[in-house]
Amino acid sequence: MAITDHHDVFIGSTDDGWTFVIVNRPIRNAARMLTGAGFTAREHQGRTLYLLPPQTGEDAHERAGVAAYGLMAHTLDLVDLAWTTRHPSANSAEPEATIRFHDGTVTATALTDRAGDVLAQNGFTPTKASQNYTLSAELSESDGVSAVVRAETHLYSYGVNVRVDLGIPTLQDIPPAPSRPPSAPALPSPGQAQRRRR
């Protein structure tokens with residue numbers, strides 16, 4: 001699985017500014033809600049992506065908010081780690097903290113002591129390099145995503161600008177849908193097994 005696959009709904013951004021939504025389980029009217037909010041549906045490696053092209057932060061913030069509000073009526077298992085959907089005031093300044101997913105690791109850089117303190121409170125450990133932090137490699141991928149969500153929320157609550165880099169340069173780099181294991185043949189019920197023996 002990829003970081004995009006652990007929650008019912010995942011909202012993210014590519015490095016080149018696209019906003020994308022992945023719906024990982026059937027949600028009634030999800031496609032209608034997302035396209036109604038201005039997202040475009042596109043098939044990509046076994047899954048449907050809902051996309052917003054690079055645009056002003058205010059537009060992406062508003063459109064993603066409308067979509068998320070509608071989807072949350074059906075699930076609260078929604079994660080938004082898109083830097084493009086942050087309120088424009090949050091995107092205008094250099095981020096005090098940057099969190100990065102890369103090759104199965106999660107690292108962070110804190111430009112201020114308050115950002116470093118918040119990262120440490122949320123499970124990030126300082127490294128030998130100044131201002132750099134890392135999450136434990138022993139965390140599962142799902143737990144790592146949850147730790148990043150908590151840290152990002154905590155940073156924003158202190159007014160700290162933060163950017164999450166998912167390690168997805170372009171739309172083509174969005175991970176494919178997870179492969180589904182083949183369904184196992186159903187075992188016969190005890191009644192069926194007895195009938196076959198006769």
# chains A, B, ... in the order shown; residues from 1 in each chain; ligands from 1
$ residues_around --residues "Gln121 (chain A)" --least-positions-apart "4" --cutoff "10 Å" --atoms "only C-alpha atoms" --output "mmCIF file with all heavy atoms, in the first residue's frame"
data_model
loop_
_atom_site.group_PDB
_atom_site.id
_atom_site.type_symbol
_atom_site.label_atom_id
_atom_site.label_comp_id
_atom_site.auth_asym_id
_atom_site.auth_seq_id
_atom_site.Cartn_x
_atom_site.Cartn_y
_atom_site.Cartn_z
ATOM 1 N N ALA A 115 8.449 25.457 16.187
ATOM 2 C CA ALA A 115 8.097 24.380 15.257
ATOM 3 C C ALA A 115 8.788 23.085 15.662
ATOM 4 O O ALA A 115 8.179 22.012 15.664
ATOM 5 C CB ALA A 115 8.485 24.764 13.832
ATOM 6 N N GLY A 116 10.062 23.156 16.065
ATOM 7 C CA GLY A 116 10.785 21.976 16.516
ATOM 8 C C GLY A 116 10.174 21.365 17.757
ATOM 9 O O GLY A 116 10.074 20.139 17.886
ATOM 10 N N ASP A 117 9.734 22.225 18.688
ATOM 11 C CA ASP A 117 9.097 21.728 19.912
ATOM 12 C C ASP A 117 7.814 20.961 19.596
ATOM 13 O O ASP A 117 7.553 19.903 20.172
ATOM 14 C CB ASP A 117 8.783 22.891 20.863
ATOM 15 C CG ASP A 117 10.032 23.520 21.458
ATOM 16 O OD1 ASP A 117 11.112 22.890 21.397
ATOM 17 O OD2 ASP A 117 9.921 24.653 21.986
ATOM 18 N N THR A 125 11.880 12.902 16.183
ATOM 19 C CA THR A 125 13.112 12.914 16.959
ATOM 20 C C THR A 125 14.146 13.776 16.251
ATOM 21 O O THR A 125 14.337 13.631 15.029
ATOM 22 C CB THR A 125 13.667 11.469 17.080
ATOM 23 O OG1 THR A 125 12.642 10.639 17.615
ATOM 24 C CG2 THR A 125 14.892 11.420 17.956
ATOM 25 N N ARG A 150 -1.460 14.601 12.921
ATOM 26 C CA ARG A 150 -1.473 15.213 14.265
ATOM 27 C C ARG A 150 -0.483 16.372 14.360
ATOM 28 O O ARG A 150 -0.806 17.439 14.882
ATOM 29 C CB ARG A 150 -1.162 14.167 15.338
ATOM 30 C CG ARG A 150 -2.295 13.223 15.638
ATOM 31 C CD ARG A 150 -2.021 12.393 16.894
ATOM 32 N NE ARG A 150 -0.753 11.680 16.845
ATOM 33 C CZ ARG A 150 -0.578 10.489 16.287
ATOM 34 N NH1 ARG A 150 -1.594 9.871 15.707
ATOM 35 N NH2 ARG A 150 0.608 9.917 16.297
ATOM 36 N N ALA A 151 0.731 16.157 13.850
ATOM 37 C CA ALA A 151 1.753 17.199 13.927
ATOM 38 C C ALA A 151 1.336 18.433 13.132
ATOM 39 O O ALA A 151 1.478 19.566 13.605
ATOM 40 C CB ALA A 151 3.087 16.660 13.414
ATOM 41 N N HIS A 154 -1.390 20.279 14.985
ATOM 42 C CA HIS A 154 -0.814 20.923 16.168
ATOM 43 C C HIS A 154 -0.016 22.171 15.762
ATOM 44 O O HIS A 154 -0.130 23.225 16.391
ATOM 45 C CB HIS A 154 0.069 19.913 16.896
ATOM 46 C CG HIS A 154 0.431 20.288 18.289
ATOM 47 N ND1 HIS A 154 1.091 19.440 19.129
ATOM 48 C CD2 HIS A 154 0.242 21.423 19.014
ATOM 49 C CE1 HIS A 154 1.295 20.027 20.294
ATOM 50 N NE2 HIS A 154 0.779 21.231 20.237
#
$ select_by_dssp --residues "region 42-116 of chain A" --states "alpha helix (DSSP H)" --output "NGL selection string"
:A and (57-71 or 88-91 or 113-116)
$ residues_around --residues "region 128-139 of chain A" --least-positions-apart "6" --cutoff "10 Å" --atoms "only C-alpha atoms" --output "PDB file with N, CA and C atoms, in the first residue's frame"
ATOM      1  N   ALA A  97       7.880  24.958   9.150  1.00  0.00           N
ATOM      2  CA  ALA A  97       8.118  23.513   9.224  1.00  0.00           C
ATOM      3  C   ALA A  97       7.757  22.883   7.889  1.00  0.00           C
ATOM      4  N   THR A  98       8.569  21.958   7.461  1.00  0.00           N
ATOM      5  CA  THR A  98       8.297  21.183   6.258  1.00  0.00           C
ATOM      6  C   THR A  98       8.425  19.711   6.617  1.00  0.00           C
ATOM      7  N   ILE A  99       7.390  18.947   6.300  1.00  0.00           N
ATOM      8  CA  ILE A  99       7.386  17.506   6.568  1.00  0.00           C
ATOM      9  C   ILE A  99       7.425  16.802   5.221  1.00  0.00           C
ATOM     10  N   ARG A 100       8.302  15.788   5.096  1.00  0.00           N
ATOM     11  CA  ARG A 100       8.491  15.107   3.814  1.00  0.00           C
ATOM     12  C   ARG A 100       8.347  13.597   3.949  1.00  0.00           C
ATOM     13  N   GLY A 104       9.664   5.664   2.045  1.00  0.00           N
ATOM     14  CA  GLY A 104       9.278   4.964   3.267  1.00  0.00           C
ATOM     15  C   GLY A 104       9.692   5.634   4.558  1.00  0.00           C
ATOM     16  N   THR A 105      10.290   6.812   4.483  1.00  0.00           N
ATOM     17  CA  THR A 105      10.662   7.540   5.695  1.00  0.00           C
ATOM     18  C   THR A 105       9.894   8.855   5.753  1.00  0.00           C
ATOM     19  N   VAL A 106       9.792   9.384   6.967  1.00  0.00           N
ATOM     20  CA  VAL A 106       9.165  10.685   7.162  1.00  0.00           C
ATOM     21  C   VAL A 106      10.159  11.554   7.922  1.00  0.00           C
ATOM     22  N   THR A 107      10.531  12.668   7.300  1.00  0.00           N
ATOM     23  CA  THR A 107      11.461  13.597   7.926  1.00  0.00           C
ATOM     24  C   THR A 107      10.815  14.978   7.997  1.00  0.00           C
ATOM     25  N   ALA A 108      11.413  15.847   8.780  1.00  0.00           N
ATOM     26  CA  ALA A 108      10.893  17.204   8.907  1.00  0.00           C
ATOM     27  C   ALA A 108      12.043  18.172   9.133  1.00  0.00           C
ATOM     28  N   THR A 109      11.807  19.403   8.737  1.00  0.00           N
ATOM     29  CA  THR A 109      12.739  20.499   8.999  1.00  0.00           C
ATOM     30  C   THR A 109      11.958  21.572   9.734  1.00  0.00           C
ATOM     31  N   ALA A 110      12.539  22.085  10.812  1.00  0.00           N
ATOM     32  CA  ALA A 110      11.910  23.151  11.590  1.00  0.00           C
ATOM     33  C   ALA A 110      12.826  24.364  11.571  1.00  0.00           C
ATOM     34  N   LEU A 111      12.318  25.491  11.084  1.00  0.00           N
ATOM     35  CA  LEU A 111      13.138  26.697  11.008  1.00  0.00           C
ATOM     36  C   LEU A 111      13.107  27.496  12.299  1.00  0.00           C
ATOM     37  N   THR A 112      12.162  27.172  13.192  1.00  0.00           N
ATOM     38  CA  THR A 112      12.067  27.888  14.465  1.00  0.00           C
ATOM     39  C   THR A 112      12.010  26.882  15.614  1.00  0.00           C
ATOM     40  N   ASP A 113      12.347  27.359  16.809  1.00  0.00           N
ATOM     41  CA  ASP A 113      12.297  26.488  17.991  1.00  0.00           C
ATOM     42  C   ASP A 113      10.876  26.025  18.275  1.00  0.00           C
ATOM     43  N   ALA A 115       8.449  25.457  16.187  1.00  0.00           N
ATOM     44  CA  ALA A 115       8.097  24.380  15.257  1.00  0.00           C
ATOM     45  C   ALA A 115       8.788  23.085  15.662  1.00  0.00           C
ATOM     46  N   GLY A 116      10.062  23.156  16.065  1.00  0.00           N
ATOM     47  CA  GLY A 116      10.785  21.976  16.516  1.00  0.00           C
ATOM     48  C   GLY A 116      10.174  21.365  17.757  1.00  0.00           C
ATOM     49  N   LEU A 119       7.008  19.484  16.735  1.00  0.00           N
ATOM     50  CA  LEU A 119       7.358  18.234  16.069  1.00  0.00           C
ATOM     51  C   LEU A 119       7.786  17.182  17.095  1.00  0.00           C
ATOM     52  N   ALA A 120       8.616  17.586  18.068  1.00  0.00           N
ATOM     53  CA  ALA A 120       9.075  16.651  19.099  1.00  0.00           C
ATOM     54  C   ALA A 120       7.912  16.131  19.943  1.00  0.00           C
ATOM     55  N   ASN A 122       5.089  15.469  18.916  1.00  0.00           N
ATOM     56  CA  ASN A 122       4.277  14.576  18.087  1.00  0.00           C
ATOM     57  C   ASN A 122       5.077  13.401  17.529  1.00  0.00           C
ATOM     58  N   VAL A 145       1.420   8.255   8.748  1.00  0.00           N
ATOM     59  CA  VAL A 145       0.490   9.246   8.196  1.00  0.00           C
ATOM     60  C   VAL A 145      -0.293   9.903   9.334  1.00  0.00           C
ATOM     61  N   ALA A 147       0.614  10.278  12.447  1.00  0.00           N
ATOM     62  CA  ALA A 147       1.512  11.162  13.194  1.00  0.00           C
ATOM     63  C   ALA A 147       1.701  12.490  12.464  1.00  0.00           C
ATOM     64  N   VAL A 148       1.803  12.438  11.140  1.00  0.00           N
ATOM     65  CA  VAL A 148       1.950  13.669  10.354  1.00  0.00           C
ATOM     66  C   VAL A 148       0.683  14.515  10.445  1.00  0.00           C
TER      67      VAL A 148
END
$ residues_around --residues "Ala177 (chain A)" --least-positions-apart "3" --cutoff "9 Å" --atoms "only C-alpha atoms" --output "mmCIF file with N, CA and C atoms, in the first residue's frame"
data_model
loop_
_atom_site.group_PDB
_atom_site.id
_atom_site.type_symbol
_atom_site.label_atom_id
_atom_site.label_comp_id
_atom_site.auth_asym_id
_atom_site.auth_seq_id
_atom_site.Cartn_x
_atom_site.Cartn_y
_atom_site.Cartn_z
ATOM 1 N N MET A 1 0.837 -1.191 0.000
ATOM 2 C CA MET A 1 0.000 0.000 0.000
ATOM 3 C C MET A 1 0.879 1.251 0.000
ATOM 4 N N ALA A 2 0.297 2.337 -0.444
ATOM 5 C CA ALA A 2 0.975 3.627 -0.430
ATOM 6 C C ALA A 2 0.323 4.511 0.629
ATOM 7 N N ASP A 5 -3.441 5.222 0.577
ATOM 8 C CA ASP A 5 -4.414 4.130 0.578
ATOM 9 C C ASP A 5 -4.966 3.733 1.946
ATOM 10 N N ASN A 24 -11.052 5.761 -1.387
ATOM 11 C CA ASN A 24 -10.585 4.377 -1.286
ATOM 12 C C ASN A 24 -11.665 3.356 -0.954
ATOM 13 N N HIS A 44 -6.571 6.595 -13.507
ATOM 14 C CA HIS A 44 -5.109 6.556 -13.392
ATOM 15 C C HIS A 44 -4.685 5.263 -12.719
ATOM 16 N N GLN A 45 -4.083 4.375 -13.446
ATOM 17 C CA GLN A 45 -3.507 3.146 -12.930
ATOM 18 C C GLN A 45 -4.433 2.388 -11.976
ATOM 19 N N GLY A 46 -5.651 2.147 -12.447
ATOM 20 C CA GLY A 46 -6.581 1.323 -11.686
ATOM 21 C C GLY A 46 -7.429 2.051 -10.670
ATOM 22 N N ARG A 47 -7.385 3.359 -10.659
ATOM 23 C CA ARG A 47 -8.223 4.117 -9.721
ATOM 24 C C ARG A 47 -8.691 5.412 -10.363
ATOM 25 N N THR A 48 -9.714 5.996 -9.768
ATOM 26 C CA THR A 48 -10.199 7.296 -10.221
ATOM 27 C C THR A 48 -9.588 8.370 -9.345
ATOM 28 N N ARG A 180 -5.633 -6.006 -5.400
ATOM 29 C CA ARG A 180 -6.579 -6.731 -4.550
ATOM 30 C C ARG A 180 -6.207 -8.200 -4.556
#
$ closest_atom_pairs --of "region 3-22 of chain A" --to "region 59-72 of chain A" --cutoff "9 Å" --atoms "only C-alpha atoms" --output "CSV"
residue,atom,partner,partner_atom,distance
A:Val9,CA,A:Leu71,CA,8.2
A:Ile11,CA,A:Ala64,CA,8.3
A:Thr19,CA,A:Ala60,CA,7.5
A:Val21,CA,A:Ala64,CA,8.8
$ write_last_selection --atoms "N, CA and C atoms" --output "compact mmCIF listing (two decimals), in the first residue's frame"
# COMPACT_ATOMS: atom_id res chain seq x y z
N VAL A 9 -10.80 8.56 2.47
CA VAL A 9 -10.59 9.68 1.53
C VAL A 9 -9.23 10.28 1.82
N ILE A 11 -6.70 13.45 0.53
CA ILE A 11 -6.53 14.67 -0.26
C ILE A 11 -5.05 15.04 -0.19
N THR A 19 -3.98 19.49 -7.05
CA THR A 19 -4.67 18.94 -5.88
C THR A 19 -5.41 17.70 -6.34
N VAL A 21 -7.81 14.10 -5.06
CA VAL A 21 -8.58 13.37 -4.05
C VAL A 21 -8.68 11.93 -4.51
$ residues_around --residues "Leu78 (chain A)" --least-positions-apart "4" --cutoff "7 Å" --atoms "only C-alpha atoms" --output "PDB file with C-alpha atoms, in the first residue's frame"
ATOM      1  CA  HIS A   7      -7.997   6.195   4.708  1.00  0.00           C
ATOM      2  CA  ASP A   8     -11.446   6.313   3.130  1.00  0.00           C
ATOM      3  CA  VAL A   9     -10.590   9.676   1.526  1.00  0.00           C
ATOM      4  CA  PHE A  10      -7.106  11.081   0.910  1.00  0.00           C
TER       5      PHE A  10
END
$ closest_residue --among "A:Leu155, A:Leu49, A:Ala30, A:Val162" --to "Arg114 (chain A)" --atoms "only C-alpha atoms"
A:Leu155
$ atom_distance --atom1 "CA of Glu141 (chain A)" --atom2 "CA of Glu43 (chain A)"
24.9 Å
$ atom_distance --atom1 "CA of Gly36 (chain A)" --atom2 "CA of Phe20 (chain A)"
14.6 Å
$ closest_residue --among "A:Ala41, A:Ile3, A:Val164, A:Leu34" --to "Leu81 (chain A)" --atoms "only C-alpha atoms"
A:Val164
$ residues_around --residues "Gln55 (chain A)" --least-positions-apart "5" --cutoff "9 Å" --atoms "only C-alpha atoms" --output "list in words"
Gly17, Trp18, Ala60 and Thr84 of chain A
$ atom_distance --atom1 "CA of Tyr50 (chain A)" --atom2 "CA of Val160 (chain A)"
28.7 Å
$ select_by_dssp --residues "region 63-135 of chain A" --states "strand (DSSP E)" --output "VMD selection string"
chain A and resid 78 to 80 97 to 102 105 to 110 125 to 126 132 to 134
$ closest_residue --among "A:Gly123, A:Pro54, A:Gly12, A:Pro95" --to "Trp83 (chain A)" --atoms "only C-alpha atoms"
A:Gly12
